[in-house]
>>> print(open('target.csv').read())   # CSV, C-alpha atoms and all ligand atoms
chain,number,residue,atom,x,y,z
A,122,MET,CA,0.0,0.0,0.0
A,123,GLY,CA,1.4,3.4,-0.9
A,124,GLY,CA,0.4,7.0,-0.2
A,125,LEU,CA,-0.7,10.1,-2.1
A,126,ARG,CA,-0.9,13.4,-0.4
A,127,GLU,CA,-4.3,15.2,-0.3
A,128,GLU,CA,-4.5,19.0,-0.5
A,129,ASP,CA,-5.2,19.2,3.3
A,130,GLY,CA,-1.9,17.3,3.9
A,131,ARG,CA,-3.6,13.9,4.7
A,132,LEU,CA,-2.2,10.9,2.9
A,133,SER,CA,-4.8,8.8,1.0
A,134,ASP,CA,-4.1,5.1,0.7
A,135,VAL,CA,-3.2,3.5,-2.6
A,136,ILE,CA,-4.4,-0.1,-2.6
A,137,GLN,CA,-2.9,-2.4,-5.2
A,138,PRO,CA,-5.1,-5.5,-5.7
A,139,ARG,CA,-3.7,-8.4,-7.8
A,140,SER,CA,-7.0,-9.5,-9.3
A,141,LEU,CA,-10.3,-8.0,-10.6
A,142,HIS,CA,-12.0,-9.9,-7.8
A,143,GLU,CA,-9.8,-8.3,-5.1
A,144,ALA,CA,-10.3,-4.9,-6.6
A,145,TRP,CA,-14.0,-5.3,-6.7
A,146,GLU,CA,-14.1,-6.6,-3.1
A,147,ARG,CA,-12.1,-3.6,-1.9
A,148,LYS,CA,-14.4,-1.2,-3.7
A,149,MET,CA,-17.5,-2.9,-2.3
A,150,ALA,CA,-16.0,-2.7,1.2
A,151,LEU,CA,-14.9,1.0,1.0
A,152,GLY,CA,-17.8,2.4,-1.0
A,153,ASP,CA,-17.7,6.0,-2.1
A,154,SER,CA,-14.5,6.8,-0.2
A,155,ALA,CA,-12.5,4.7,-2.7
A,156,GLN,CA,-12.0,5.2,-6.4
A,157,TYR,CA,-10.5,2.9,-9.1
A,158,VAL,CA,-7.4,4.4,-10.8
A,159,ALA,CA,-5.6,3.2,-13.9
A,160,GLY,CA,-3.3,5.8,-15.5
A,161,GLY,CA,-4.7,8.5,-13.2
A,162,THR,CA,-4.6,11.1,-16.1
A,163,LEU,CA,-8.3,11.9,-16.2
A,164,LEU,CA,-8.6,11.8,-12.4
A,165,ARG,CA,-5.7,14.2,-12.0
A,166,THR,CA,-7.3,16.8,-14.3
A,167,GLY,CA,-10.3,16.8,-11.9
A,168,TRP,CA,-8.1,17.1,-8.8
A,169,GLU,CA,-5.9,19.8,-10.3
A,170,SER,CA,-8.9,21.9,-11.6
A,171,GLY,CA,-10.6,21.6,-8.2
A,172,THR,CA,-13.7,19.9,-9.7
A,173,ALA,CA,-13.0,16.6,-7.8
A,174,LEU,CA,-11.4,15.7,-4.5
A,175,ILE,CA,-8.7,13.1,-4.1
A,176,PRO,CA,-10.6,10.2,-2.5
A,177,LYS,CA,-9.5,8.6,0.8
A,178,GLN,CA,-8.5,5.4,-1.0
A,179,LEU,CA,-7.3,4.8,-4.5
A,180,ILE,CA,-7.6,1.3,-5.9
A,181,ASP,CA,-4.8,1.1,-8.4
A,182,LEU,CA,-5.7,-1.4,-11.1
A,183,ARG,CA,-2.2,-1.6,-12.7
A,184,GLN,CA,-1.0,-4.7,-10.8
A,185,ILE,CA,-3.8,-6.8,-12.2
A,186,SER,CA,-2.3,-9.1,-14.8
A,187,GLY,CA,-3.8,-10.0,-18.2
A,188,LEU,CA,-5.5,-6.6,-18.9
A,189,ALA,CA,-2.6,-4.9,-20.7
A,190,ASP,CA,-2.6,-6.8,-24.0
A,191,ILE,CA,-4.0,-6.4,-27.5
A,192,THR,CA,-4.7,-9.9,-28.9
A,193,GLN,CA,-6.0,-11.0,-32.3
A,194,THR,CA,-8.2,-14.1,-31.9
A,195,GLU,CA,-9.9,-16.1,-34.6
A,196,PHE,CA,-13.1,-14.1,-34.1
A,197,TYR,CA,-12.3,-10.7,-32.6
A,198,LEU,CA,-9.6,-8.3,-31.6
A,199,SER,CA,-9.3,-8.2,-27.8
A,200,LEU,CA,-8.1,-5.0,-26.1
A,201,GLY,CA,-7.4,-5.1,-22.4
A,202,ALA,CA,-8.6,-2.3,-20.2
A,203,LEU,CA,-5.1,-1.4,-19.1
A,204,VAL,CA,-3.7,-1.1,-22.6
A,205,PRO,CA,-2.1,2.4,-22.8
A,206,LEU,CA,-3.3,4.8,-25.5
A,207,SER,CA,0.2,5.0,-26.8
A,208,GLN,CA,0.1,1.2,-27.6
A,209,CYS,CA,-3.2,1.7,-29.5
A,210,ARG,CA,-1.5,4.2,-31.7
A,211,SER,CA,1.2,1.8,-32.9
A,212,ASN,CA,-0.5,-1.6,-32.8
A,213,GLU,CA,-0.6,-3.3,-36.2
A,214,HIS,CA,-3.7,-5.4,-35.4
A,215,LEU,CA,-5.6,-2.3,-34.4
A,216,GLN,CA,-4.4,-0.6,-37.7
A,217,ALA,CA,-5.9,-3.5,-39.7
A,218,VAL,CA,-9.1,-4.0,-37.8
A,219,ALA,CA,-10.1,-0.5,-36.4
A,220,PRO,CA,-8.1,2.4,-38.0
A,221,ALA,CA,-10.7,4.9,-36.8
A,222,LEU,CA,-10.1,3.8,-33.2
A,223,GLN,CA,-6.3,4.2,-33.8
A,224,GLU,CA,-6.9,7.7,-35.1
A,225,ALA,CA,-9.0,8.5,-32.0
A,226,ALA,CA,-6.1,7.4,-29.8
A,227,ARG,CA,-3.7,9.5,-32.0
A,228,CYS,CA,-5.7,12.6,-31.3
A,229,ILE,CA,-5.7,12.3,-27.5
A,230,ALA,CA,-3.3,14.5,-25.4
A,231,ALA,CA,0.5,14.2,-25.7
A,232,PRO,CA,2.9,11.3,-25.7
A,233,SER,CA,3.7,11.5,-21.9
A,234,VAL,CA,0.0,11.4,-21.1
A,235,ARG,CA,-0.8,8.6,-23.6
A,236,ASN,CA,1.9,6.4,-22.1
A,237,LEU,CA,0.0,6.5,-18.8
A,238,ALA,CA,-3.6,6.9,-20.0
A,239,THR,CA,-5.5,3.6,-20.5
A,240,LEU,CA,-8.2,2.5,-22.8
A,241,GLY,CA,-10.3,1.4,-19.8
A,242,GLY,CA,-10.0,4.7,-18.1
A,243,ASN,CA,-11.1,6.5,-21.3
A,244,ILE,CA,-14.1,4.2,-21.6
A,245,ALA,CA,-15.1,4.1,-17.9
A,246,SER,CA,-15.4,7.9,-17.8
A,247,GLY,CA,-18.4,7.5,-20.1
A,248,PHE,CA,-17.3,10.4,-22.4
A,249,GLY,CA,-13.7,9.7,-23.6
A,250,ASP,CA,-12.9,10.5,-27.2
A,251,ILE,CA,-12.3,6.8,-27.9
A,252,LEU,CA,-16.0,6.0,-27.4
A,253,PRO,CA,-17.5,7.3,-30.7
A,254,ALA,CA,-14.8,5.3,-32.6
A,255,LEU,CA,-15.7,2.2,-30.7
A,256,LEU,CA,-19.4,2.7,-31.4
A,257,VAL,CA,-18.9,2.5,-35.1
A,258,TYR,CA,-17.2,-0.9,-34.7
A,259,ASP,CA,-20.2,-2.3,-32.7
A,260,ALA,CA,-17.7,-3.0,-29.9
A,261,GLU,CA,-18.5,-5.4,-27.1
A,262,LEU,CA,-17.5,-4.4,-23.6
A,263,ILE,CA,-16.6,-7.1,-21.1
A,264,SER,CA,-17.1,-6.0,-17.5
A,265,PHE,CA,-16.6,-7.7,-14.1
A,266,ASP,CA,-19.4,-7.5,-11.6
A,267,GLY,CA,-17.8,-9.3,-8.7
A,268,LYS,CA,-18.9,-12.8,-9.8
A,269,PHE,CA,-19.1,-12.9,-13.6
A,270,MET,CA,-17.5,-11.4,-16.7
A,271,THR,CA,-20.4,-10.0,-18.7
A,272,SER,CA,-20.3,-9.0,-22.3
A,273,LEU,CA,-22.6,-6.1,-23.4
A,274,PRO,CA,-22.7,-4.1,-26.7
A,275,LEU,CA,-21.0,-0.8,-25.9
A,276,THR,CA,-24.3,1.0,-26.7
A,277,GLU,CA,-26.0,-0.8,-23.9
A,278,TRP,CA,-23.1,-0.4,-21.5
A,279,LEU,CA,-23.3,3.4,-22.2
A,280,ASN,CA,-27.0,3.4,-21.6
A,281,ASN,CA,-26.5,1.8,-18.2
A,282,HIS,CA,-23.7,4.2,-17.4
A,283,TRP,CA,-25.6,7.4,-18.4
A,284,SER,CA,-28.8,6.3,-16.8
A,285,GLY,CA,-27.0,5.6,-13.5
A,286,MET,CA,-27.9,1.9,-13.6
A,287,LYS,CA,-24.3,0.7,-13.8
A,288,PRO,CA,-23.1,-0.4,-10.3
A,289,ALA,CA,-20.2,1.8,-9.2
A,290,ALA,CA,-18.0,-1.3,-8.4
A,291,ASP,CA,-18.2,-2.8,-11.9
A,292,LEU,CA,-14.9,-2.9,-13.6
A,293,VAL,CA,-14.2,-2.5,-17.3
A,294,ALA,CA,-12.0,-5.5,-18.2
A,295,GLU,CA,-11.8,-5.7,-22.0
A,296,ILE,CA,-13.1,-4.5,-25.3
A,297,ARG,CA,-13.8,-6.8,-28.3
A,298,ILE,CA,-14.0,-5.7,-31.9
A,299,SER,CA,-15.1,-8.1,-34.6
A,300,PRO,CA,-13.4,-7.4,-37.9
A,301,ALA,CA,-15.8,-6.2,-40.6
A,302,ARG,CA,-16.6,-9.0,-43.1
A,303,ARG,CA,-16.0,-8.2,-46.8
A,304,GLU,CA,-18.8,-10.1,-48.6
A,305,ASN,CA,-17.9,-8.8,-52.0
A,306,PRO,CA,-14.2,-8.4,-52.9
A,307,LEU,CA,-14.9,-5.3,-54.9
A,308,THR,CA,-16.4,-3.3,-52.0
A,309,ASP,CA,-14.3,-0.7,-50.2
A,310,ARG,CA,-14.2,0.0,-46.5
A,311,LEU,CA,-14.7,3.5,-45.2
A,312,GLU,CA,-13.6,4.2,-41.6
A,313,ILE,CA,-13.1,7.7,-40.3
A,314,PHE,CA,-12.6,9.5,-37.0
A,315,ARG,CA,-12.4,13.3,-36.7
A,316,LYS,CA,-12.0,15.6,-33.7
A,317,VAL,CA,-12.5,19.3,-33.4
A,318,GLY,CA,-11.1,21.1,-30.3
A,319,ARG,CA,-10.4,24.7,-29.4
A,320,ARG,CA,-7.1,24.6,-31.2
A,321,GLU,CA,-5.4,22.3,-33.8
A,322,ALA,CA,-3.7,19.8,-31.4
A,323,PHE,CA,-3.2,18.9,-27.8
A,324,THR,CA,-6.7,20.1,-26.9
A,325,PRO,CA,-9.8,18.6,-25.3
A,326,SER,CA,-12.5,17.8,-27.8
A,327,LEU,CA,-15.5,20.0,-28.5
A,328,VAL,CA,-16.9,17.6,-31.1
A,329,THR,CA,-15.9,14.1,-32.3
A,330,VAL,CA,-17.4,12.1,-35.2
A,331,ALA,CA,-16.8,8.6,-36.5
A,332,ILE,CA,-18.1,6.7,-39.5
A,333,SER,CA,-17.8,3.2,-40.8
A,334,ALA,CA,-19.4,1.7,-43.9
A,335,TRP,CA,-18.9,-0.5,-46.9
A,336,ILE,CA,-19.1,1.1,-50.3
A,337,ASP,CA,-19.7,-1.0,-53.4
A,338,THR,CA,-18.6,-0.3,-57.0
A,339,GLU,CA,-21.7,1.8,-57.6
A,340,HIS,CA,-20.9,3.9,-54.6
A,341,ARG,CA,-23.8,2.4,-52.6
A,342,PHE,CA,-23.4,2.5,-48.8
A,343,ARG,CA,-24.0,-0.6,-46.7
A,344,GLU,CA,-23.8,-1.3,-42.9
A,345,VAL,CA,-23.4,2.4,-42.2
A,346,ARG,CA,-22.5,3.3,-38.6
A,347,ILE,CA,-22.2,7.0,-37.6
A,348,ALA,CA,-21.4,8.2,-34.1
A,349,ALA,CA,-20.7,11.6,-32.4
A,350,GLY,CA,-19.5,12.8,-29.0
A,351,GLY,CA,-17.1,15.3,-27.6
A,352,GLY,CA,-16.2,17.2,-24.4
A,353,THR,CA,-18.0,15.5,-21.5
A,354,GLY,CA,-21.1,14.8,-23.6
A,355,ARG,CA,-22.7,11.4,-24.1
A,356,PRO,CA,-21.2,9.6,-27.1
A,357,GLN,CA,-24.0,8.3,-29.3
A,358,ARG,CA,-24.9,6.6,-32.5
A,359,LEU,CA,-26.7,8.8,-35.0
A,360,SER,CA,-29.3,6.3,-36.2
A,361,ARG,CA,-31.3,8.7,-38.3
A,362,ALA,CA,-28.2,9.7,-40.3
A,363,GLU,CA,-27.2,6.0,-40.7
A,364,ALA,CA,-30.7,5.1,-42.0
A,365,MET,CA,-30.5,8.0,-44.5
A,366,LEU,CA,-27.3,6.7,-46.1
A,367,GLU,CA,-28.0,2.9,-45.8
A,368,ASP,CA,-28.4,1.4,-49.3
A,369,GLU,CA,-28.2,4.8,-50.9
A,370,VAL,CA,-25.9,5.5,-53.9
A,371,TYR,CA,-23.6,8.4,-53.0
A,372,THR,CA,-24.1,11.7,-54.9
A,373,ASP,CA,-23.1,15.1,-53.6
A,374,SER,CA,-26.8,16.0,-53.5
A,375,LEU,CA,-27.3,13.7,-50.4
A,376,LEU,CA,-25.1,15.9,-48.3
A,377,PRO,CA,-27.4,18.8,-47.4
A,378,ALA,CA,-30.0,16.4,-46.1
A,379,LEU,CA,-27.4,14.5,-44.2
A,380,TYR,CA,-26.2,17.7,-42.6
A,381,GLU,CA,-29.7,18.6,-41.5
A,382,VAL,CA,-30.4,15.2,-40.0
A,383,VAL,CA,-27.1,15.3,-38.0
A,384,GLU,CA,-27.8,18.9,-36.8
A,385,ASN,CA,-31.3,17.9,-35.7
A,386,SER,CA,-30.5,14.6,-34.1
A,387,PHE,CA,-27.1,15.0,-32.3
A,388,GLU,CA,-27.8,15.5,-28.6
A,389,THR,CA,-25.2,17.6,-27.1
A,390,TYR,CA,-24.8,20.6,-24.7
A,391,GLY,CA,-23.4,24.1,-24.6
A,392,ASP,CA,-20.4,25.0,-22.5
A,393,PRO,CA,-18.4,28.3,-21.9
A,394,PHE,CA,-16.4,27.6,-25.1
A,395,ALA,CA,-19.1,26.6,-27.6
A,396,THR,CA,-22.9,26.7,-27.8
A,397,GLU,CA,-25.0,23.6,-28.3
A,398,LEU,CA,-25.9,24.8,-31.7
A,399,TYR,CA,-22.3,25.3,-32.7
A,400,LYS,CA,-21.5,21.7,-31.7
A,401,LYS,CA,-24.5,20.4,-33.7
A,402,LYS,CA,-23.4,22.3,-36.8
A,403,THR,CA,-19.8,21.2,-36.3
A,404,ALA,CA,-20.8,17.5,-36.2
A,405,GLY,CA,-22.9,18.0,-39.4
A,406,ASN,CA,-20.1,19.9,-41.2
A,407,LEU,CA,-17.4,17.3,-40.1
A,408,LEU,CA,-19.4,14.3,-41.4
A,409,VAL,CA,-20.5,15.9,-44.6
A,410,ALA,CA,-16.9,17.2,-45.4
A,411,GLU,CA,-15.3,13.9,-44.7
A,412,LEU,CA,-17.8,12.0,-46.9
A,413,TRP,CA,-17.4,14.5,-49.6
A,414,LYS,CA,-13.6,14.2,-49.5
A,415,VAL,CA,-13.6,10.4,-49.5
A,416,MET,CA,-16.3,9.9,-52.1
A,417,ASN,CA,-15.0,12.5,-54.5
A,418,ARG,CA,-11.5,11.0,-54.3
A,419,ARG,CA,-13.0,7.6,-55.4
A,420,SER,CA,-14.9,8.9,-58.5
A,501,LIG,C1,-3.2,17.0,-20.7
A,501,LIG,C2,-4.3,16.0,-20.9
A,501,LIG,C3,-5.0,15.9,-22.1
A,501,LIG,C4,-6.1,15.0,-22.2
A,501,LIG,N1,-6.7,15.0,-23.5
A,501,LIG,C5,-7.8,14.1,-23.6
A,501,LIG,C6,-8.4,14.1,-24.9
A,501,LIG,O1,-8.1,14.8,-25.8
A,501,LIG,N2,-9.5,13.2,-25.0
A,501,LIG,C7,-9.8,12.3,-24.0
A,501,LIG,O2,-10.7,11.5,-24.2
A,501,LIG,N3,-9.2,12.4,-22.8
A,501,LIG,C8,-8.2,13.3,-22.6
A,501,LIG,N4,-7.5,13.3,-21.4
A,501,LIG,C9,-8.0,12.5,-20.3
A,501,LIG,C10,-7.3,11.1,-20.1
A,501,LIG,O3,-6.0,11.2,-20.4
A,501,LIG,C11,-7.9,10.0,-21.0
A,501,LIG,O4,-9.3,10.0,-20.9
A,501,LIG,C12,-7.4,8.6,-20.5
A,501,LIG,O5,-7.7,7.6,-21.4
A,501,LIG,C13,-8.0,8.2,-19.1
A,501,LIG,O6,-7.4,7.0,-18.8
A,501,LIG,P1,-6.7,6.8,-17.3
A,501,LIG,O7,-6.2,5.4,-17.3
A,501,LIG,O8,-5.7,7.8,-17.1
A,501,LIG,O9,-8.0,6.9,-16.4
A,501,LIG,P2,-8.0,7.3,-14.9
A,501,LIG,O10,-7.8,8.8,-14.7
A,501,LIG,O11,-7.2,6.4,-14.1
A,501,LIG,O12,-9.5,7.0,-14.5
A,501,LIG,C14,-10.6,7.6,-15.2
A,501,LIG,C15,-11.9,7.1,-14.6
A,501,LIG,O13,-12.2,5.8,-15.0
A,501,LIG,C16,-12.2,4.9,-13.8
A,501,LIG,N5,-11.5,3.7,-14.2
A,501,LIG,C17,-10.3,3.6,-14.7
A,501,LIG,N6,-10.1,2.3,-15.1
A,501,LIG,C18,-11.2,1.6,-14.9
A,501,LIG,C19,-11.6,0.3,-15.1
A,501,LIG,N7,-10.8,-0.6,-15.7
A,501,LIG,N8,-12.8,-0.1,-14.7
A,501,LIG,C20,-13.7,0.8,-14.1
A,501,LIG,N9,-13.4,2.1,-13.9
A,501,LIG,C21,-12.1,2.5,-14.3
A,501,LIG,C22,-11.6,5.7,-12.7
A,501,LIG,O14,-12.2,5.4,-11.4
A,501,LIG,C23,-12.0,7.1,-13.1
A,501,LIG,O15,-13.3,7.4,-12.7
A,501,LIG,C24,-6.5,14.2,-21.2
A,501,LIG,C25,-5.8,14.2,-20.0
A,501,LIG,C26,-4.7,15.1,-19.8
A,501,LIG,C27,-4.0,15.1,-18.5
>>> encode(input="target.csv", output="structure tokens")
Amino acid sequence: MGGLREEDGRLSDVIQPRSLHEAWERKMALGDSAQYVAGGTLLRTGWESGTALIPKQLIDLRQISGLADITQTEFYLSLGALVPLSQCRSNEHLQAVAPALQEAARCIAAPSVRNLATLGGNIASGFGDILPALLVYDAELISFDGKFMTSLPLTEWLNNHWSGMKPAADLVAEIRISPARRENPLTDRLEIFRKVGRREAFTPSLVTVAISAWIDTEHRFREVRIAAGGGTGRPQRLSRAEAMLEDEVYTDSLLPALYEVVENSFETYGDPFATELYKKKTAGNLLVAELWKVMNRRS
């Protein structure tokens, strides 16, 4: 057990469990006075800005083995919760299976932060920039509830998180992504992630968008997935925008209607730096601009 100094001079305990079960038991026993910590990079921003207090106990997850690997199995790509974001940026399996996720990791913070910051911490926050990218891959989240490892589609896990139904002691253990199946060898894969912040780089996001889809030789979209998020807002799939593109043949004339659907359906919030309307318009502009670029490069 180590120590971390609180602002009032008291030391808070750092507990280092060796298994998910031990971590979960400690959290159940200590309740709200304890908090899980992985890289600590998000928690620290709260402590330093004064928006969160250092808890009495920190349950440091980094000694738990088996959660820091990226593994390609026959059916899916497995990403452990303790995988650092820096590893996501360079991993060749991730590049092959989920390039939009890799781009999302590339856009987060700076190298020193990414070496500490974990995938699990980004996801567990409920608003990390990784989440919209994971949503367009229909990712499955494996969590530990004290007894069982449970697999849930990320969309459902997010619903539970944002509705307050997720038990506070549940641990994020792993993320699984199934590679998209190419049914026709002539189809192309579109996978994009874009982030807009208050400046070009090293900035928190205002808006993030992600798209994945198949495009056939006639420029028809199939299996369209579109997601948006940003800041501390709820990452979400934009199902009306997806339905608009599904089975449609791309022409530039689709884009104004797509923009309108995104602007009307993206649920976000205003903050001191950008109004709600600005963020809605930005999500629409980003998606339309990216599609226009990709599709006009193809033709
Ligand atoms: C300078 C700077 C810039 C940043 N820029 C960005 C950015 O652009 N985009 C972005 O998304 N983030 C950004 N962050 C925030 C942060 O670095 C990332 O979100 C990071 O991935 C969080 O991971 P972590 O391991 O450090 O989480 P921690 O800070 O350790 O934990 C975050 C939260 O998740 C919980 N938690 C952690 N692991 C688990 C688990 N396995 N199971 C259950 N709960 C868990 C913790 O209790 C805590 O509530 C930035 C941070 C800094 C300092």
>>> residues_near_ligand(input="target.csv", ligand="ligand LIG 501 (chain A)", cutoff="7 Å", atoms="all atoms listed in the file", output="PyMOL selection string")
chain A and resi 156-166+182+202-203+206+228-231+234-235+237-243+245-246+248-251+291-294+323-326
>>> closest_residue(input="target.csv", among="A:Glu388, A:Glu146, A:Glu224, A:Glu367", to="Phe265 in chain A", atoms="all atoms listed in the file")
A:Glu146
>>> closest_residue(input="target.csv", among="A:Val328, A:Ile313, A:Leu188, A:Leu412", to="Ala349 in chain A", atoms="only C-alpha atoms")
A:Val328
>>> residues_around(input="target.csv", residues="Glu344 in chain A", least_positions_apart="6", cutoff="9 Å", atoms="all atoms listed in the file", output="JSON, numbers by chain")
{"A": [333, 334, 335, 363, 367, 368]}
>>> closest_residue(input="target.csv", among="A:Ala331, A:Ala221, A:Met365, A:Val370", to="Gly350 in chain A", atoms="all atoms listed in the file")
A:Ala331
>>> atom_distance(input="target.csv", atom1="CA of Lys402 in chain A", atom2="CA of Trp283 in chain A")
23.8 Å
>>> residues_near_point(input="target.csv", point="(-7.0, -4.2, -35.5)", cutoff="12 Å", atoms="only C-alpha atoms", output="ChimeraX atom specification")
/A:191-194,196-200,208-224,255,258,296-301
>>> atom_distance(input="target.csv", atom1="CA of Arg319 in chain A", atom2="CA of Asp259 in chain A")
28.9 Å
>>> atom_distance(input="target.csv", atom1="CA of Arg147 in chain A", atom2="CA of Ile185 in chain A")
13.6 Å
>>> closest_residue(input="target.csv", among="A:His282, A:Glu397, A:His142, A:Thr353", to="Phe269 in chain A", atoms="only C-alpha atoms")
A:His142
>>> closest_residue(input="target.csv", among="A:Thr308, A:Asn417, A:Ser386, A:Thr338", to="Ala404 in chain A", atoms="all atoms listed in the file")
A:Ser386
>>> residues_around(input="target.csv", residues="Asp309 in chain A", least_positions_apart="3", cutoff="10 Å", atoms="only C-alpha atoms", output="JSON, numbers by chain")
{"A": [303, 305, 306, 312, 334, 335, 336, 337, 338, 340, 342, 419]}
>>> closest_residue(input="target.csv", among="A:Ser207, A:Ser374, A:Ser233, A:Ser140", to="Ile180 in chain A", atoms="all atoms listed in the file")
A:Ser140
>>> residues_around(input="target.csv", residues="Leu262 in chain A", least_positions_apart="4", cutoff="7 Å", atoms="only C-alpha atoms", output="tab-separated table (two decimals) with C-alpha atoms, in the coordinates of the input")
chain	number	residue	atom	x	y	z
A	272	SER	CA	-20.30	-9.00	-22.30
A	273	LEU	CA	-22.60	-6.10	-23.40
A	274	PRO	CA	-22.70	-4.10	-26.70
A	275	LEU	CA	-21.00	-0.80	-25.90
A	295	GLU	CA	-11.80	-5.70	-22.00
A	296	ILE	CA	-13.10	-4.50	-25.30
A	297	ARG	CA	-13.80	-6.80	-28.30
